[in-house]
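Step one of this worksheet: look at the structure below.
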Amino acid sequence: MTGSGRPLFVSEGTSRAKLSTIRGSQYLSWCLDRLRTSTGDTVVFGHSLAPQDQHVMEALVAGGKREIAISVWPDDDPRAIIEQKAHLRRALEPHTVHFFDSTTHPLGLSSLTLQSDLGASLQT
């Protein structure tokens with residue numbers, strides 16, 4: 001949170017709720033607008049790009065044609081990873097999409113993984 005009580009990052013809520021919070025922040029609005037108008041290659045790390053992130057997907061699609069590299073957290077179910085990749089490739093057309101194992105980047109190291117109170121792993 002900033003000194004004004006406004007978040008610098010929005011992690012919870014529906015895409016519509018997140019977009020409303022983003023639009024209430026000059027900084028976050030600027031960031032989303034830059035993503036929307038970017039023509040440079042882009043790396044997405046530590047982000048699920050799930051339905052609650054539709055505003056991010058729309059911003060990525062709106063930008064000029066580029067290469068987008070997306071980190072993927074290794075799952076115990078290889079079919080789930082294949083489905084996720086296929087979905088993201090379709091959703092991000094006409095961009096060229098590449099994927100990489102998030103654990104190969106220093107921010108994806110297991111030493112940075114926290115355990116929640118429920119015993120589930122939380123990636124930082």
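Simple scheme: letters A, B, ... for chains in structure tokens order, numbers from 1 for residues in each chain, numbers from 1 for ligands in the order shown.
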
Worksheet item: So which residues touch Gly46 of chain A within 7 Å, counting only C-alpha atoms, skipping near sequence neighbours fewer than 2 positions away, as a ChimeraX atom specification?
Response: /A:44,48,71

Item to complete: For segment 24-41 of chain A, work out the shell of residues within 6 Å, counting only C-alpha atoms and skipping chain neighbours fewer than 6 positions away, then give it as number ranges by chain.
Response: A: 59-60, 62-64, 66-68

Take the residues from that selection and put them in a file with N, CA and C atoms, as a PDB file, in the first residue's frame.
ATOM      1  N   ALA A  59      -5.244  -6.591 -22.056  1.00  0.00           N
ATOM      2  CA  ALA A  59      -4.174  -5.613 -22.278  1.00  0.00           C
ATOM      3  C   ALA A  59      -3.051  -6.233 -23.110  1.00  0.00           C
ATOM      4  N   LEU A  60      -2.701  -7.474 -22.835  1.00  0.00           N
ATOM      5  CA  LEU A  60      -1.663  -8.145 -23.614  1.00  0.00           C
ATOM      6  C   LEU A  60      -2.078  -8.293 -25.075  1.00  0.00           C
ATOM      7  N   ALA A  62      -4.216  -6.477 -26.723  1.00  0.00           N
ATOM      8  CA  ALA A  62      -4.389  -5.177 -27.370  1.00  0.00           C
ATOM      9  C   ALA A  62      -3.083  -4.587 -27.881  1.00  0.00           C
ATOM     10  N   GLY A  63      -1.984  -4.939 -27.267  1.00  0.00           N
ATOM     11  CA  GLY A  63      -0.699  -4.377 -27.675  1.00  0.00           C
ATOM     12  C   GLY A  63      -0.293  -4.856 -29.054  1.00  0.00           C
ATOM     13  N   GLY A  64       0.729  -4.198 -29.597  1.00  0.00           N
ATOM     14  CA  GLY A  64       1.237  -4.594 -30.896  1.00  0.00           C
ATOM     15  C   GLY A  64       1.755  -6.028 -30.877  1.00  0.00           C
ATOM     16  N   ARG A  66       3.855  -9.100 -30.729  1.00  0.00           N
ATOM     17  CA  ARG A  66       5.140  -9.267 -30.037  1.00  0.00           C
ATOM     18  C   ARG A  66       5.293 -10.696 -29.564  1.00  0.00           C
ATOM     19  N   GLU A  67       6.438 -10.981 -29.001  1.00  0.00           N
ATOM     20  CA  GLU A  67       6.670 -12.271 -28.382  1.00  0.00           C
ATOM     21  C   GLU A  67       6.402 -12.125 -26.889  1.00  0.00           C
ATOM     22  N   ILE A  68       5.689 -13.110 -26.339  1.00  0.00           N
ATOM     23  CA  ILE A  68       5.349 -13.096 -24.917  1.00  0.00           C
ATOM     24  C   ILE A  68       5.849 -14.398 -24.311  1.00  0.00           C
TER      25      ILE A  68
END

List every residue of chain A that DSSP, applied to the backbone of this structure, assigns to helix (DSSP H, G or I), and report them as an mmCIF file with N, CA and C atoms, in the first residue's frame.
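The result, stored in result_20.cif:
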data_model
loop_
_atom_site.group_PDB
_atom_site.id
_atom_site.type_symbol
_atom_site.label_atom_id
_atom_site.label_comp_id
_atom_site.auth_asym_id
_atom_site.auth_seq_id
_atom_site.Cartn_x
_atom_site.Cartn_y
_atom_site.Cartn_z
ATOM 1 N N SER A 15 -11.956 -9.969 -12.185
ATOM 2 C CA SER A 15 -11.278 -9.078 -13.118
ATOM 3 C C SER A 15 -11.916 -7.695 -13.079
ATOM 4 N N ARG A 16 -13.232 -7.651 -13.030
ATOM 5 C CA ARG A 16 -13.940 -6.362 -12.994
ATOM 6 C C ARG A 16 -13.576 -5.579 -11.727
ATOM 7 N N ALA A 17 -13.537 -6.261 -10.577
ATOM 8 C CA ALA A 17 -13.186 -5.593 -9.318
ATOM 9 C C ALA A 17 -11.738 -5.110 -9.348
ATOM 10 N N LYS A 18 -10.848 -5.951 -9.891
ATOM 11 C CA LYS A 18 -9.448 -5.541 -9.990
ATOM 12 C C LYS A 18 -9.311 -4.319 -10.888
ATOM 13 N N LEU A 19 -10.009 -4.339 -12.020
ATOM 14 C CA LEU A 19 -9.933 -3.218 -12.958
ATOM 15 C C LEU A 19 -10.453 -1.932 -12.307
ATOM 16 N N SER A 20 -11.491 -2.040 -11.502
ATOM 17 C CA SER A 20 -12.018 -0.871 -10.798
ATOM 18 C C SER A 20 -10.965 -0.304 -9.840
ATOM 19 N N THR A 21 -10.281 -1.180 -9.111
ATOM 20 C CA THR A 21 -9.216 -0.740 -8.203
ATOM 21 C C THR A 21 -8.070 -0.118 -8.984
ATOM 22 N N ILE A 22 -7.710 -0.745 -10.093
ATOM 23 C CA ILE A 22 -6.626 -0.225 -10.933
ATOM 24 C C ILE A 22 -6.977 1.175 -11.434
ATOM 25 N N ARG A 23 -8.188 1.348 -11.898
ATOM 26 C CA ARG A 23 -8.606 2.655 -12.431
ATOM 27 C C ARG A 23 -8.642 3.732 -11.347
ATOM 28 N N GLN A 26 -3.658 6.133 -10.139
ATOM 29 C CA GLN A 26 -2.967 6.712 -11.291
ATOM 30 C C GLN A 26 -1.796 5.823 -11.715
ATOM 31 N N TYR A 27 -1.042 5.321 -10.749
ATOM 32 C CA TYR A 27 0.114 4.467 -11.049
ATOM 33 C C TYR A 27 -0.312 3.162 -11.718
ATOM 34 N N LEU A 28 -1.285 2.447 -11.130
ATOM 35 C CA LEU A 28 -1.713 1.172 -11.706
ATOM 36 C C LEU A 28 -2.370 1.366 -13.069
ATOM 37 N N SER A 29 -3.115 2.447 -13.239
ATOM 38 C CA SER A 29 -3.713 2.748 -14.544
ATOM 39 C C SER A 29 -2.618 2.953 -15.587
ATOM 40 N N TRP A 30 -1.585 3.674 -15.211
ATOM 41 C CA TRP A 30 -0.459 3.905 -16.116
ATOM 42 C C TRP A 30 0.173 2.576 -16.506
ATOM 43 N N CYS A 31 0.379 1.685 -15.520
ATOM 44 C CA CYS A 31 0.993 0.376 -15.797
ATOM 45 C C CYS A 31 0.139 -0.436 -16.769
ATOM 46 N N LEU A 32 -1.155 -0.517 -16.520
ATOM 47 C CA LEU A 32 -2.035 -1.295 -17.395
ATOM 48 C C LEU A 32 -2.093 -0.674 -18.788
ATOM 49 N N ASP A 33 -2.120 0.645 -18.861
ATOM 50 C CA ASP A 33 -2.135 1.310 -20.168
ATOM 51 C C ASP A 33 -0.834 1.061 -20.929
ATOM 52 N N ARG A 34 0.281 1.048 -20.229
ATOM 53 C CA ARG A 34 1.576 0.749 -20.874
ATOM 54 C C ARG A 34 1.577 -0.682 -21.414
ATOM 55 N N LEU A 35 1.029 -1.611 -20.651
ATOM 56 C CA LEU A 35 0.948 -2.995 -21.114
ATOM 57 C C LEU A 35 0.054 -3.071 -22.349
ATOM 58 N N ARG A 36 -1.022 -2.346 -22.335
ATOM 59 C CA ARG A 36 -1.986 -2.349 -23.442
ATOM 60 C C ARG A 36 -1.391 -1.764 -24.724
ATOM 61 N N THR A 37 -0.512 -0.781 -24.611
ATOM 62 C CA THR A 37 0.027 -0.110 -25.795
ATOM 63 C C THR A 37 1.433 -0.564 -26.167
ATOM 64 N N PRO A 51 -9.121 -16.530 -15.154
ATOM 65 C CA PRO A 51 -10.259 -15.644 -15.480
ATOM 66 C C PRO A 51 -10.286 -14.338 -14.679
ATOM 67 N N GLN A 52 -9.838 -14.357 -13.438
ATOM 68 C CA GLN A 52 -9.838 -13.124 -12.648
ATOM 69 C C GLN A 52 -8.762 -12.139 -13.125
ATOM 70 N N ASP A 53 -7.980 -12.549 -14.114
ATOM 71 C CA ASP A 53 -6.945 -11.691 -14.687
ATOM 72 C C ASP A 53 -7.273 -11.313 -16.134
ATOM 73 N N GLN A 54 -8.542 -11.368 -16.488
ATOM 74 C CA GLN A 54 -8.964 -11.096 -17.864
ATOM 75 C C GLN A 54 -8.507 -9.716 -18.331
ATOM 76 N N HIS A 55 -8.494 -8.745 -17.424
ATOM 77 C CA HIS A 55 -8.055 -7.399 -17.787
ATOM 78 C C HIS A 55 -6.600 -7.385 -18.244
ATOM 79 N N VAL A 56 -5.771 -8.244 -17.661
ATOM 80 C CA VAL A 56 -4.362 -8.350 -18.064
ATOM 81 C C VAL A 56 -4.277 -9.022 -19.438
ATOM 82 N N MET A 57 -5.057 -10.094 -19.620
ATOM 83 C CA MET A 57 -5.079 -10.776 -20.916
ATOM 84 C C MET A 57 -5.516 -9.810 -22.016
ATOM 85 N N GLU A 58 -6.555 -9.030 -21.757
ATOM 86 C CA GLU A 58 -7.038 -8.076 -22.754
ATOM 87 C C GLU A 58 -5.972 -7.028 -23.071
ATOM 88 N N ALA A 59 -5.244 -6.591 -22.056
ATOM 89 C CA ALA A 59 -4.174 -5.613 -22.278
ATOM 90 C C ALA A 59 -3.051 -6.233 -23.110
ATOM 91 N N LEU A 60 -2.701 -7.474 -22.835
ATOM 92 C CA LEU A 60 -1.663 -8.145 -23.614
ATOM 93 C C LEU A 60 -2.078 -8.293 -25.075
ATOM 94 N N VAL A 61 -3.319 -8.681 -25.299
ATOM 95 C CA VAL A 61 -3.814 -8.880 -26.663
ATOM 96 C C VAL A 61 -3.861 -7.552 -27.416
ATOM 97 N N ALA A 62 -4.216 -6.477 -26.723
ATOM 98 C CA ALA A 62 -4.389 -5.177 -27.370
ATOM 99 C C ALA A 62 -3.083 -4.587 -27.881
ATOM 100 N N PRO A 78 0.777 -33.330 -15.976
ATOM 101 C CA PRO A 78 1.281 -32.772 -17.233
ATOM 102 C C PRO A 78 0.167 -32.355 -18.191
ATOM 103 N N ARG A 79 -0.957 -33.048 -18.140
ATOM 104 C CA ARG A 79 -2.070 -32.667 -19.023
ATOM 105 C C ARG A 79 -2.602 -31.283 -18.677
ATOM 106 N N ALA A 80 -2.601 -30.955 -17.395
ATOM 107 C CA ALA A 80 -3.072 -29.622 -16.983
ATOM 108 C C ALA A 80 -2.159 -28.539 -17.554
ATOM 109 N N ILE A 81 -0.869 -28.795 -17.583
ATOM 110 C CA ILE A 81 0.076 -27.824 -18.141
ATOM 111 C C ILE A 81 -0.150 -27.679 -19.642
ATOM 112 N N ILE A 82 -0.338 -28.787 -20.329
ATOM 113 C CA ILE A 82 -0.584 -28.750 -21.779
ATOM 114 C C ILE A 82 -1.853 -27.963 -22.070
ATOM 115 N N GLU A 83 -2.914 -28.199 -21.296
ATOM 116 C CA GLU A 83 -4.174 -27.470 -21.483
ATOM 117 C C GLU A 83 -4.002 -25.978 -21.213
ATOM 118 N N GLN A 84 -3.250 -25.656 -20.161
ATOM 119 C CA GLN A 84 -3.007 -24.257 -19.818
ATOM 120 C C GLN A 84 -2.258 -23.559 -20.952
ATOM 121 N N LYS A 85 -1.233 -24.202 -21.482
ATOM 122 C CA LYS A 85 -0.459 -23.611 -22.576
ATOM 123 C C LYS A 85 -1.324 -23.414 -23.815
ATOM 124 N N ALA A 86 -2.128 -24.419 -24.155
ATOM 125 C CA ALA A 86 -2.991 -24.314 -25.336
ATOM 126 C C ALA A 86 -3.986 -23.170 -25.169
ATOM 127 N N HIS A 87 -4.569 -23.065 -23.989
ATOM 128 C CA HIS A 87 -5.524 -21.983 -23.718
ATOM 129 C C HIS A 87 -4.858 -20.619 -23.876
ATOM 130 N N LEU A 88 -3.678 -20.449 -23.297
ATOM 131 C CA LEU A 88 -2.992 -19.162 -23.358
ATOM 132 C C LEU A 88 -2.567 -18.819 -24.780
ATOM 133 N N ARG A 89 -2.122 -19.811 -25.541
ATOM 134 C CA ARG A 89 -1.749 -19.541 -26.939
ATOM 135 C C ARG A 89 -2.962 -19.037 -27.729
ATOM 136 N N ARG A 90 -4.105 -19.701 -27.529
ATOM 137 C CA ARG A 90 -5.336 -19.272 -28.233
ATOM 138 C C ARG A 90 -5.751 -17.872 -27.784
ATOM 139 N N ALA A 91 -5.727 -17.647 -26.485
ATOM 140 C CA ALA A 91 -6.201 -16.376 -25.928
ATOM 141 C C ALA A 91 -5.306 -15.200 -26.313
ATOM 142 N N SER A 102 8.943 -21.894 -14.352
ATOM 143 C CA SER A 102 9.197 -20.781 -13.425
ATOM 144 C C SER A 102 10.282 -21.101 -12.401
ATOM 145 N N THR A 103 10.535 -22.370 -12.153
ATOM 146 C CA THR A 103 11.564 -22.729 -11.170
ATOM 147 C C THR A 103 12.974 -22.547 -11.733
ATOM 148 N N THR A 104 13.098 -22.255 -13.037
ATOM 149 C CA THR A 104 14.420 -22.032 -13.619
ATOM 150 C C THR A 104 14.874 -20.586 -13.453
ATOM 151 N N PRO A 106 15.526 -17.335 -10.789
ATOM 152 C CA PRO A 106 15.796 -17.171 -9.352
ATOM 153 C C PRO A 106 14.562 -16.861 -8.509
ATOM 154 N N LEU A 107 13.591 -16.124 -9.043
ATOM 155 C CA LEU A 107 12.382 -15.833 -8.275
ATOM 156 C C LEU A 107 11.500 -17.065 -8.087
ATOM 157 N N GLY A 108 11.751 -18.108 -8.861
ATOM 158 C CA GLY A 108 10.970 -19.332 -8.742
ATOM 159 C C GLY A 108 11.635 -20.396 -7.885
ATOM 160 N N SER A 110 12.708 -22.817 -4.978
ATOM 161 C CA SER A 110 11.908 -23.404 -3.901
ATOM 162 C C SER A 110 12.223 -22.759 -2.551
ATOM 163 N N SER A 111 13.408 -22.201 -2.406
ATOM 164 C CA SER A 111 13.759 -21.546 -1.138
ATOM 165 C C SER A 111 12.917 -20.293 -0.891
ATOM 166 N N LEU A 112 12.249 -19.795 -1.920
ATOM 167 C CA LEU A 112 11.375 -18.631 -1.775
ATOM 168 C C LEU A 112 9.919 -19.017 -1.612
#

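Across the structure, atom CA of Asp101 of chain A and atom CA of Ser11 of chain A are spaced 21.8 Å apart.
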
Practice prompt. May I have all residues of chain A that DSSP, computed from the backbone, assigns to strand (DSSP E or B), given as a PyMOL selection string?
Written response: chain A and resi 42-44+67-72+96-101+113-115+121-123

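Interatomic distance, atom CA of Lys65 of chain A against atom CA of Thr96 of chain A: 7.9 Å.
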
Practice prompt. Quote the spacing between atom CA of His98 of chain A and atom CA of Asp75 of chain A in Å to one decimal place.
Written response: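 Atom CA of His98 of chain A sits 17.4 Å away from atom CA of Asp75 of chain A.
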
Practice prompt. Write out as a ChimeraX atom specification each polymer residue whose atoms come within 10 Å of Phe100 of chain A, counting only C-alpha atoms; drop sequence neighbours fewer than 4 positions from it.
Written response: /A:45,69-74,104-105
